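Coordinates from start00.cif are shown below (mmCIF, C-alpha atoms and all ligand atoms).
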data_upload
loop_
_atom_site.group_PDB
_atom_site.id
_atom_site.type_symbol
_atom_site.label_atom_id
_atom_site.label_comp_id
_atom_site.auth_asym_id
_atom_site.auth_seq_id
_atom_site.Cartn_x
_atom_site.Cartn_y
_atom_site.Cartn_z
ATOM 1 C CA MET A 13 -68.880 -85.657 36.930
ATOM 2 C CA LYS A 14 -69.371 -84.059 33.540
ATOM 3 C CA ALA A 15 -72.373 -82.151 34.742
ATOM 4 C CA ALA A 16 -70.474 -80.803 37.746
ATOM 5 C CA LEU A 17 -67.909 -79.313 35.427
ATOM 6 C CA SER A 18 -70.173 -78.025 32.707
ATOM 7 C CA HIS A 19 -70.184 -74.319 31.941
ATOM 8 C CA LYS A 20 -73.771 -73.872 32.985
ATOM 9 C CA SER A 21 -73.447 -75.549 36.353
ATOM 10 C CA ASN A 22 -70.329 -73.569 37.228
ATOM 11 C CA HIS A 23 -72.583 -70.634 37.902
ATOM 12 C CA LYS A 24 -74.567 -72.460 40.544
ATOM 13 C CA SER A 25 -72.409 -72.360 43.605
ATOM 14 C CA ASN A 26 -74.080 -75.100 45.617
ATOM 15 C CA HIS A 27 -73.982 -77.688 42.924
ATOM 16 C CA LYS A 28 -72.812 -81.261 42.796
ATOM 17 C CA LEU A 29 -69.361 -82.113 43.930
ATOM 18 C CA GLN A 30 -67.801 -79.281 45.903
ATOM 19 C CA ALA A 31 -64.326 -80.777 45.704
ATOM 20 C CA ASP A 32 -64.408 -79.665 42.063
ATOM 21 C CA LYS A 33 -63.920 -76.135 43.332
ATOM 22 C CA VAL A 34 -60.297 -76.837 44.193
ATOM 23 C CA ILE A 35 -57.677 -76.229 41.507
ATOM 24 C CA LEU A 36 -54.155 -77.435 42.218
ATOM 25 C CA ALA A 37 -51.429 -75.162 40.796
ATOM 26 C CA LEU A 38 -48.800 -77.521 39.382
ATOM 27 C CA ASP A 39 -45.935 -75.154 40.166
ATOM 28 C CA VAL A 40 -43.132 -77.708 40.140
ATOM 29 C CA ASP A 41 -39.804 -77.955 38.372
ATOM 30 C CA SER A 42 -39.888 -81.347 36.691
ATOM 31 C CA PHE A 43 -42.275 -83.434 34.630
ATOM 32 C CA ALA A 44 -41.741 -86.316 37.051
ATOM 33 C CA ARG A 45 -42.833 -84.178 39.986
ATOM 34 C CA ALA A 46 -45.860 -82.887 38.075
ATOM 35 C CA LYS A 47 -46.874 -86.449 37.229
ATOM 36 C CA TYR A 48 -46.370 -87.446 40.855
ATOM 37 C CA PHE A 49 -48.902 -84.869 42.042
ATOM 38 C CA VAL A 50 -51.373 -85.641 39.274
ATOM 39 C CA ASP A 51 -51.160 -89.380 40.016
ATOM 40 C CA LYS A 52 -51.476 -88.875 43.764
ATOM 41 C CA LEU A 53 -54.283 -86.367 43.674
ATOM 42 C CA CYS A 54 -56.371 -86.947 40.557
ATOM 43 C CA THR A 55 -59.017 -88.889 42.469
ATOM 44 C CA ARG A 56 -59.490 -85.924 44.824
ATOM 45 C CA ILE A 57 -58.751 -82.889 42.720
ATOM 46 C CA LYS A 58 -60.276 -82.650 39.276
ATOM 47 C CA ILE A 59 -58.630 -79.511 37.896
ATOM 48 C CA PHE A 60 -54.886 -78.903 37.621
ATOM 49 C CA LYS A 61 -53.459 -75.512 36.808
ATOM 50 C CA VAL A 62 -50.729 -75.571 34.192
ATOM 51 C CA GLY A 63 -48.853 -72.306 34.481
ATOM 52 C CA LEU A 64 -45.838 -70.714 32.869
ATOM 53 C CA GLN A 65 -43.236 -72.792 34.689
ATOM 54 C CA ILE A 66 -44.527 -76.273 33.991
ATOM 55 C CA PHE A 67 -45.742 -75.416 30.480
ATOM 56 C CA THR A 68 -42.373 -73.955 29.535
ATOM 57 C CA LEU A 69 -40.760 -77.120 30.846
ATOM 58 C CA CYS A 70 -43.102 -79.799 29.475
ATOM 59 C CA GLY A 71 -45.284 -78.155 26.836
ATOM 60 C CA PRO A 72 -48.531 -79.859 25.790
ATOM 61 C CA GLU A 73 -47.316 -83.207 27.158
ATOM 62 C CA ILE A 74 -48.315 -82.240 30.670
ATOM 63 C CA ILE A 75 -51.781 -81.302 29.444
ATOM 64 C CA LYS A 76 -52.139 -84.617 27.648
ATOM 65 C CA TYR A 77 -51.024 -86.433 30.786
ATOM 66 C CA ILE A 78 -53.617 -84.698 32.959
ATOM 67 C CA ARG A 79 -56.358 -85.355 30.398
ATOM 68 C CA LYS A 80 -55.341 -89.023 30.209
ATOM 69 C CA LYS A 81 -55.910 -89.188 33.951
ATOM 70 C CA LYS A 82 -59.446 -87.886 33.334
ATOM 71 C CA ALA A 83 -58.784 -84.597 35.070
ATOM 72 C CA GLU A 84 -59.315 -81.106 33.683
ATOM 73 C CA VAL A 85 -56.745 -78.426 32.844
ATOM 74 C CA PHE A 86 -56.718 -74.760 33.758
ATOM 75 C CA LEU A 87 -54.177 -73.342 31.310
ATOM 76 C CA ASP A 88 -52.828 -70.265 33.048
ATOM 77 C CA LEU A 89 -50.516 -68.692 30.482
ATOM 78 C CA LYS A 90 -52.040 -65.222 30.786
ATOM 79 C CA PHE A 91 -52.035 -64.425 27.068
ATOM 80 C CA TYR A 92 -51.229 -60.820 26.177
ATOM 81 C CA ASP A 93 -50.264 -59.930 22.614
ATOM 82 C CA ILE A 94 -51.732 -58.529 19.401
ATOM 83 C CA PRO A 95 -55.244 -59.876 18.636
ATOM 84 C CA ASN A 96 -54.093 -62.111 15.795
ATOM 85 C CA THR A 97 -51.419 -63.824 17.871
ATOM 86 C CA VAL A 98 -53.668 -64.302 20.890
ATOM 87 C CA SER A 99 -56.599 -65.670 18.886
ATOM 88 C CA ASN A 100 -54.298 -68.166 17.149
ATOM 89 C CA ALA A 101 -52.836 -69.230 20.498
ATOM 90 C CA VAL A 102 -56.366 -69.650 21.872
ATOM 91 C CA ARG A 103 -57.179 -71.983 18.962
ATOM 92 C CA GLN A 104 -54.213 -74.139 19.915
ATOM 93 C CA ALA A 105 -55.369 -74.251 23.518
ATOM 94 C CA VAL A 106 -58.843 -75.334 22.397
ATOM 95 C CA ARG A 107 -57.211 -78.181 20.457
ATOM 96 C CA LEU A 108 -55.541 -79.282 23.680
ATOM 97 C CA ASN A 109 -59.019 -79.548 25.175
ATOM 98 C CA VAL A 110 -58.384 -77.441 28.256
ATOM 99 C CA LYS A 111 -61.235 -76.615 30.592
ATOM 100 C CA MET A 112 -60.301 -72.986 31.167
ATOM 101 C CA MET A 113 -57.579 -70.544 30.245
ATOM 102 C CA THR A 114 -56.406 -67.052 31.138
ATOM 103 C CA LEU A 115 -55.677 -63.862 29.242
ATOM 104 C CA HIS A 116 -54.898 -60.322 30.353
ATOM 105 C CA ILE A 117 -57.892 -58.022 30.153
ATOM 106 C CA SER A 118 -55.462 -55.132 29.701
ATOM 107 C CA GLY A 119 -54.633 -56.640 26.274
ATOM 108 C CA GLY A 120 -57.643 -54.676 25.033
ATOM 109 C CA ARG A 121 -61.161 -55.200 23.747
ATOM 110 C CA GLU A 122 -60.205 -56.360 20.288
ATOM 111 C CA MET A 123 -57.809 -58.957 21.650
ATOM 112 C CA LEU A 124 -60.482 -60.261 24.033
ATOM 113 C CA LYS A 125 -63.231 -60.382 21.416
ATOM 114 C CA ARG A 126 -61.044 -62.097 18.851
ATOM 115 C CA ALA A 127 -59.947 -64.612 21.492
ATOM 116 C CA GLN A 128 -63.543 -65.342 22.375
ATOM 117 C CA GLU A 129 -64.568 -65.783 18.740
ATOM 118 C CA ALA A 130 -61.590 -68.047 18.071
ATOM 119 C CA ALA A 131 -62.429 -70.241 21.070
ATOM 120 C CA LYS A 132 -66.045 -70.556 19.988
ATOM 121 C CA GLU A 133 -65.242 -71.253 16.382
ATOM 122 C CA GLU A 134 -62.553 -73.813 17.076
ATOM 123 C CA ALA A 135 -64.639 -75.657 19.671
ATOM 124 C CA ARG A 136 -67.570 -75.771 17.255
ATOM 125 C CA PHE A 137 -65.298 -77.082 14.533
ATOM 126 C CA LEU A 138 -63.913 -79.797 16.823
ATOM 127 C CA LYS A 139 -67.335 -80.471 18.345
ATOM 128 C CA ILE A 140 -66.011 -80.093 21.867
ATOM 129 C CA GLU A 141 -66.947 -77.875 24.768
ATOM 130 C CA ARG A 142 -65.504 -74.381 24.520
ATOM 131 C CA PRO A 143 -62.936 -73.599 27.238
ATOM 132 C CA LEU A 144 -63.895 -70.944 29.732
ATOM 133 C CA LEU A 145 -61.993 -67.734 29.046
ATOM 134 C CA ILE A 146 -60.879 -66.141 32.274
ATOM 135 C CA GLY A 147 -59.533 -62.611 32.459
ATOM 136 C CA VAL A 148 -56.657 -61.449 34.602
ATOM 137 C CA THR A 149 -57.485 -58.013 35.983
ATOM 138 C CA VAL A 150 -54.469 -56.602 37.833
ATOM 139 C CA LEU A 151 -51.683 -58.871 39.021
ATOM 140 C CA THR A 152 -51.666 -59.097 42.785
ATOM 141 C CA SER A 153 -48.016 -58.094 42.719
ATOM 142 C CA GLN A 154 -49.023 -54.715 41.226
ATOM 143 C CA PRO A 155 -50.644 -51.862 43.100
ATOM 144 C CA SER A 156 -54.300 -51.356 42.190
ATOM 145 C CA THR A 157 -57.592 -50.048 43.474
ATOM 146 C CA ALA A 158 -60.871 -51.920 43.735
ATOM 147 C CA GLU A 159 -62.327 -49.574 41.111
ATOM 148 C CA GLU A 160 -59.556 -50.422 38.682
ATOM 149 C CA VAL A 161 -60.164 -54.140 39.165
ATOM 150 C CA LEU A 162 -63.895 -53.565 38.734
ATOM 151 C CA ASN A 163 -63.432 -51.606 35.507
ATOM 152 C CA LEU A 164 -61.184 -54.228 34.012
ATOM 153 C CA ALA A 165 -63.561 -57.005 35.051
ATOM 154 C CA LYS A 166 -66.416 -55.113 33.358
ATOM 155 C CA ILE A 167 -64.424 -54.747 30.136
ATOM 156 C CA GLY A 168 -63.542 -58.445 30.193
ATOM 157 C CA LEU A 169 -67.120 -59.590 30.714
ATOM 158 C CA ASP A 170 -68.426 -57.119 28.103
ATOM 159 C CA CYS A 171 -66.059 -58.711 25.613
ATOM 160 C CA GLY A 172 -67.473 -62.152 26.296
ATOM 161 C CA LEU A 173 -65.114 -63.549 28.922
ATOM 162 C CA ASP A 174 -66.628 -66.108 31.294
ATOM 163 C CA GLY A 175 -64.957 -64.893 34.440
ATOM 164 C CA VAL A 176 -61.990 -63.311 36.150
ATOM 165 C CA VAL A 177 -59.090 -64.205 38.378
ATOM 166 C CA CYS A 178 -59.190 -62.049 41.467
ATOM 167 C CA SER A 179 -58.129 -61.965 45.064
ATOM 168 C CA ALA A 180 -60.644 -63.492 47.470
ATOM 169 C CA ARG A 181 -60.862 -60.078 49.076
ATOM 170 C CA GLU A 182 -62.251 -58.619 45.851
ATOM 171 C CA VAL A 183 -64.803 -61.331 45.111
ATOM 172 C CA ALA A 184 -67.686 -60.080 47.222
ATOM 173 C CA PHE A 185 -67.208 -56.537 45.912
ATOM 174 C CA LEU A 186 -67.107 -57.670 42.271
ATOM 175 C CA LYS A 187 -70.083 -59.991 42.644
ATOM 176 C CA GLU A 188 -72.069 -57.195 44.207
ATOM 177 C CA LYS A 189 -71.095 -54.512 41.719
ATOM 178 C CA LEU A 190 -71.220 -56.507 38.503
ATOM 179 C CA ASP A 191 -74.805 -57.140 37.695
ATOM 180 C CA ARG A 192 -74.356 -60.464 35.911
ATOM 181 C CA LYS A 193 -73.163 -63.986 36.407
ATOM 182 C CA PHE A 194 -69.497 -64.721 36.040
ATOM 183 C CA ILE A 195 -66.910 -67.127 37.369
ATOM 184 C CA ALA A 196 -64.508 -65.872 40.035
ATOM 185 C CA ILE A 197 -61.280 -67.811 40.462
ATOM 186 C CA THR A 198 -59.173 -66.927 43.460
ATOM 187 C CA PRO A 199 -55.577 -67.804 44.342
ATOM 188 C CA GLY A 200 -53.828 -66.884 47.584
ATOM 189 C CA ILE A 201 -55.602 -69.559 49.618
ATOM 190 C CA ARG A 202 -54.022 -70.677 52.871
ATOM 191 C CA PRO A 203 -55.181 -73.071 55.601
ATOM 192 C CA PRO A 204 -56.153 -71.289 58.827
ATOM 193 C CA GLY A 205 -53.081 -70.080 60.740
ATOM 194 C CA SER A 206 -50.510 -71.221 58.164
ATOM 195 C CA ALA A 207 -47.586 -69.416 56.483
ATOM 196 C CA ARG A 208 -48.567 -66.923 53.785
ATOM 197 C CA ASP A 209 -45.410 -67.342 51.697
ATOM 198 C CA ASP A 210 -45.212 -64.400 49.271
ATOM 199 C CA GLN A 211 -48.995 -63.977 49.092
ATOM 200 C CA LYS A 212 -49.896 -60.633 50.591
ATOM 201 C CA ARG A 213 -53.626 -60.972 51.033
ATOM 202 C CA THR A 214 -54.602 -64.532 51.841
ATOM 203 C CA MET A 215 -57.885 -66.101 52.838
ATOM 204 C CA THR A 216 -58.857 -69.592 53.859
ATOM 205 C CA ALA A 217 -60.725 -71.709 51.327
ATOM 206 C CA LYS A 218 -63.829 -71.485 53.458
ATOM 207 C CA GLU A 219 -63.687 -67.685 53.581
ATOM 208 C CA ALA A 220 -63.046 -67.416 49.853
ATOM 209 C CA LEU A 221 -65.990 -69.659 48.990
ATOM 210 C CA ALA A 222 -68.222 -67.835 51.443
ATOM 211 C CA ALA A 223 -67.203 -64.568 49.742
ATOM 212 C CA GLY A 224 -68.410 -65.930 46.399
ATOM 213 C CA SER A 225 -65.378 -67.581 44.788
ATOM 214 C CA ASP A 226 -66.384 -70.264 42.321
ATOM 215 C CA PHE A 227 -62.966 -71.922 42.238
ATOM 216 C CA ILE A 228 -59.972 -71.642 44.522
ATOM 217 C CA VAL A 229 -56.390 -72.108 43.351
ATOM 218 C CA VAL A 230 -54.032 -73.755 45.806
ATOM 219 C CA GLY A 231 -50.329 -74.418 45.280
ATOM 220 C CA ARG A 232 -47.783 -74.518 48.064
ATOM 221 C CA PRO A 233 -50.096 -75.544 50.930
ATOM 222 C CA ILE A 234 -50.505 -78.863 49.089
ATOM 223 C CA LEU A 235 -47.274 -79.101 47.061
ATOM 224 C CA GLU A 236 -45.053 -78.447 50.067
ATOM 225 C CA ALA A 237 -47.005 -80.497 52.584
ATOM 226 C CA LYS A 238 -45.314 -83.568 54.059
ATOM 227 C CA ASP A 239 -48.349 -85.531 52.982
ATOM 228 C CA PRO A 240 -50.003 -83.837 49.963
ATOM 229 C CA VAL A 241 -52.955 -86.218 49.944
ATOM 230 C CA ASP A 242 -53.679 -85.456 53.579
ATOM 231 C CA ALA A 243 -53.284 -81.717 52.934
ATOM 232 C CA ALA A 244 -55.675 -81.904 49.977
ATOM 233 C CA GLU A 245 -58.191 -83.931 51.969
ATOM 234 C CA ARG A 246 -58.031 -81.532 54.884
ATOM 235 C CA LEU A 247 -58.569 -78.627 52.569
ATOM 236 C CA ILE A 248 -61.488 -80.314 50.888
ATOM 237 C CA TRP A 249 -63.097 -81.701 54.033
ATOM 238 C CA ASP A 250 -62.463 -79.031 56.578
ATOM 239 C CA GLN A 251 -62.717 -76.062 54.317
ATOM 240 C CA VAL A 252 -64.596 -76.680 51.114
ATOM 241 C CA GLN A 253 -67.104 -79.131 52.518
ATOM 242 C CA ASN A 254 -67.770 -77.047 55.588
ATOM 243 C CA ALA A 255 -68.158 -73.959 53.462
ATOM 244 C CA VAL A 256 -71.190 -75.455 51.806
ATOM 245 C CA GLY A 257 -71.927 -78.135 54.372
ATOM 246 C CA THR A 258 -74.079 -80.219 52.111
ATOM 247 C CA ARG A 259 -72.373 -83.543 51.647
ATOM 248 C CA SER A 260 -71.132 -86.221 53.976
ATOM 249 C CA LYS A 261 -67.576 -87.524 53.872
ATOM 250 C CA MET A 262 -68.800 -90.970 52.939
ATOM 251 C CA ARG A 263 -70.732 -89.629 50.014
ATOM 252 C CA LEU A 264 -67.845 -87.616 48.605
ATOM 253 C CA ARG A 265 -65.419 -90.483 48.999
ATOM 254 C CA SER A 266 -67.682 -92.742 47.002
ATOM 255 C CA VAL A 267 -68.348 -90.314 44.175
ATOM 256 C CA PRO A 268 -67.150 -91.848 40.919
ATOM 257 C CA MET A 269 -64.477 -89.746 39.258
HETATM 258 O O1 LIG B 301 -48.498 -71.511 46.035
HETATM 259 P P1 LIG B 301 -49.712 -70.646 45.951
HETATM 260 O O2 LIG B 301 -50.930 -71.289 46.605
HETATM 261 O O3 LIG B 301 -49.467 -69.248 46.434
HETATM 262 O O4 LIG B 301 -50.032 -70.585 44.383
HETATM 263 C C1 LIG B 301 -50.950 -69.716 43.828
HETATM 264 C C2 LIG B 301 -51.008 -69.890 42.344
HETATM 265 O O5 LIG B 301 -51.904 -68.905 41.846
HETATM 266 C C3 LIG B 301 -49.691 -69.673 41.623
HETATM 267 O O6 LIG B 301 -49.660 -70.571 40.503
HETATM 268 C C4 LIG B 301 -49.742 -68.252 41.153
HETATM 269 O O7 LIG B 301 -49.055 -68.019 39.953
HETATM 270 C C5 LIG B 301 -51.242 -68.075 40.909
HETATM 271 N N1 LIG B 301 -51.694 -66.687 40.993
HETATM 272 C C6 LIG B 301 -51.546 -65.888 42.119
HETATM 273 N N2 LIG B 301 -52.008 -64.598 42.108
HETATM 274 C C7 LIG B 301 -52.589 -64.100 41.023
HETATM 275 C C8 LIG B 301 -52.763 -64.898 39.888
HETATM 276 C C9 LIG B 301 -52.290 -66.203 39.904
HETATM 277 O O8 LIG B 301 -51.036 -66.339 43.127
HETATM 278 N N3 LIG B 301 -53.054 -62.877 41.044
#

Go through the file and emit its structure as structure tokens.
Amino acid sequence: MKAALSHKSNHKSNHKLQADKVILALDVDSFARAKYFVDKLCTRIKIFKVGLQIFTLCGPEIIKYIRKKKAEVFLDLKFYDIPNTVSNAVRQAVRLNVKMMTLHISGGREMLKRAQEAAKEEARFLKIERPLLIGVTVLTSQPSTAEEVLNLAKIGLDCGLDGVVCSAREVAFLKEKLDRKFIAITPGIRPPGSARDDQKRTMTAKEALAAGSDFIVVGRPILEAKDPVDAAERLIWDQVQNAVGTRSKMRLRSVPM
């Protein structure tokens, strides 16, 4: 399990346990509801995204709860502030032992570099694995061009970030244009033929992974399903497993978490 989630192996797309590519966005309005989804799904989904809503509501307690359940945390607070403030906030996130976290690339080179140094230093001090620093290029709610996204991604990676959040429709373009390895995390995933909610440019999990996404973020298709476990399993089996087509159902079910 550890190996499947290590920084190095994240770069190899056909590695280990493909279910690890699914990140559940815990976009819910109570701690009880967040715990419900973590309890129900932590044997299937190994990374939970803690965003602004649930973090504002529960603070570090939700992170501690997820870690206690042996799952990983994607802290999606999209830091954007002066370099000193962001690097100090990054240190706190390292102390919470999150797997990955986001910051706005438009915060500038100094902010990004200081954040990266702080993460490294703090992780070394605590003797733990450094969280992956993931840059937000342009919010999908804002107008942008592919070139703009590409330029921001370049700046982020030049400053030592490990990857970027981007729409699945941008992944193939970025992977082709950026001549280096990086992690692409893509939200806006919908099962084939389902409602798109407020997401403008959706893709199925299978399409996103085929395009080069390393992780997919899924919220409402699982959170609002009548049976979230069934929805998660369908997504993992029908989409993620088929996208790589390497493991049998039996094998995945018996993988120790
Ligand atoms: O419910 P849904 O599957 O649309 O959730 C997607 C998640 O990904 C949400 O937590 C949302 O904030 C996040 N996200 C996004 N688009 C971005 C960045 C993050 O939808 N560009």

Site check for ligand LIG 301 (chain B): residues at most 10 Å away, all atoms listed in the file, as a PyMOL selection string: chain A and resi 35-40+61-65+88-90+114+148-154+177-180+197-202+208-214+228-236

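Between CA of Lys111 (chain A) and CA of Lys82 (chain A) lies a distance of 11.7 Å.
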
Near region 242-253 of chain A, counting only C-alpha atoms, which residues have an atom at most 8 Å away, once you skip same-chain residues fewer than 6 positions from it, shown as an mmCIF file with C-alpha atoms, in the coordinates of the input?
data_model
loop_
_atom_site.group_PDB
_atom_site.id
_atom_site.type_symbol
_atom_site.label_atom_id
_atom_site.label_comp_id
_atom_site.auth_asym_id
_atom_site.auth_seq_id
_atom_site.Cartn_x
_atom_site.Cartn_y
_atom_site.Cartn_z
ATOM 1 C CA GLN A 30 -67.801 -79.281 45.903
ATOM 2 C CA ALA A 31 -64.326 -80.777 45.704
ATOM 3 C CA LYS A 33 -63.920 -76.135 43.332
ATOM 4 C CA VAL A 34 -60.297 -76.837 44.193
ATOM 5 C CA LEU A 53 -54.283 -86.367 43.674
ATOM 6 C CA ARG A 56 -59.490 -85.924 44.824
ATOM 7 C CA ILE A 57 -58.751 -82.889 42.720
ATOM 8 C CA PRO A 203 -55.181 -73.071 55.601
ATOM 9 C CA THR A 216 -58.857 -69.592 53.859
ATOM 10 C CA ALA A 217 -60.725 -71.709 51.327
ATOM 11 C CA LYS A 218 -63.829 -71.485 53.458
ATOM 12 C CA LEU A 221 -65.990 -69.659 48.990
ATOM 13 C CA PRO A 233 -50.096 -75.544 50.930
ATOM 14 C CA ILE A 234 -50.505 -78.863 49.089
ATOM 15 C CA ARG A 259 -72.373 -83.543 51.647
ATOM 16 C CA LYS A 261 -67.576 -87.524 53.872
#

Interatomic distance (Å, one decimal) between CA of Val183 (chain A) and CA of Ala127 (chain A): 24.3 Å

Selection result of the PyMOL selection byres (((chain A and resi 147) around 6) and not hetatm) on this file, as a PyMOL selection string: chain A and resi 114-117+146+148+176

Given all atoms listed in the file as the counted atoms, nearest of A:Ile78, A:Arg107, A:Gly71, A:Glu122 to Lys58 (chain A):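 Of A:Ile78, A:Arg107, A:Gly71, A:Glu122, the one nearest Lys58 (chain A), counting all atoms listed in the file, is A:Ile78.
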
So what does the PyMOL selection byres (((chain A and resi 102) around 10) and not hetatm) actually pick up in this one, as a short mmCIF file (atom, residue, chain, number, x, y, z; two decimals) with C-alpha atoms, in the coordinates of the input?
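Result went into part-v6.cif, see below:
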data_model
loop_
_atom_site.label_atom_id
_atom_site.label_comp_id
_atom_site.auth_asym_id
_atom_site.auth_seq_id
_atom_site.Cartn_x
_atom_site.Cartn_y
_atom_site.Cartn_z
CA PHE A 91 -52.04 -64.42 27.07
CA ASN A 96 -54.09 -62.11 15.80
CA THR A 97 -51.42 -63.82 17.87
CA VAL A 98 -53.67 -64.30 20.89
CA SER A 99 -56.60 -65.67 18.89
CA ASN A 100 -54.30 -68.17 17.15
CA ALA A 101 -52.84 -69.23 20.50
CA ARG A 103 -57.18 -71.98 18.96
CA GLN A 104 -54.21 -74.14 19.92
CA ALA A 105 -55.37 -74.25 23.52
CA VAL A 106 -58.84 -75.33 22.40
CA ARG A 107 -57.21 -78.18 20.46
CA LEU A 108 -55.54 -79.28 23.68
CA MET A 113 -57.58 -70.54 30.24
CA THR A 114 -56.41 -67.05 31.14
CA LEU A 115 -55.68 -63.86 29.24
CA ARG A 126 -61.04 -62.10 18.85
CA ALA A 127 -59.95 -64.61 21.49
CA GLN A 128 -63.54 -65.34 22.38
CA GLU A 129 -64.57 -65.78 18.74
CA ALA A 130 -61.59 -68.05 18.07
CA ALA A 131 -62.43 -70.24 21.07
CA LYS A 132 -66.04 -70.56 19.99
CA GLU A 134 -62.55 -73.81 17.08
CA PRO A 143 -62.94 -73.60 27.24
CA LEU A 145 -61.99 -67.73 29.05
#

CA of Arg142 (chain A) to CA of Cys54 (chain A), straight-line distance in Å: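 Those two atoms sit 22.3 Å apart.
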
Spatial neighbours of Ile167 (chain A), 12 Å, only C-alpha atoms, chain gap at least 2 places, as a list of chain:residue names: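 Near neighbours after the sequence-gap exclusion: A:His116, A:Ile117, A:Ser118, A:Gly119, A:Gly120, A:Arg121, A:Glu122, A:Met123, A:Leu124, A:Lys125, A:Gly147, A:Val148, A:Thr149, A:Glu160, A:Val161, A:Leu162, A:Asn163, A:Leu164, A:Ala165, A:Leu169, A:Asp170, A:Cys171, A:Gly172, A:Leu173, A:Asp174, A:Gly175, A:Val176, A:Leu190.
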
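Counting all atoms listed in the file and comparing A:Leu138, A:Leu186, A:Leu144, A:Cys70, the residue that lies closest to Phe86 (chain A) is A:Leu144.
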
If I wrap all listed atoms of region 128-147 of chain A in a box with edges along x, y and z and add 8 Å on each side, what are its centre and edge lengths in Å to one decimal, as AutoDock Vina command-line options?
--center_x -63.6 --center_y -71.5 --center_z 23.5 --size_x 24.0 --size_y 33.9 --size_z 33.9

Long-range neighbours of Asp41 (chain A) as number ranges by chain, 9 Å cut-off, all atoms listed in the file, 2 positions minimum in chain: A: 39, 43-46, 65-66, 69

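Closest approach to Asn109 (chain A) among A:Ala158, A:Ile75, A:Ala237, A:Val50 is made by A:Ile75 (distances from all atoms listed in the file).
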
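When all atoms listed in the file are used to measure the gap to Met112 (chain A), the shortest distance among A:Glu84, A:Glu73, A:Asp239, A:Glu159 belongs to A:Glu84.
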
Among the residues A:Asp93, A:Ser206, A:Ala83, A:Arg181, the one that comes closest to Thr55 (chain A) [using all atoms listed in the file]: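 Of all the options, A:Ala83 lies closest to Thr55 (chain A).
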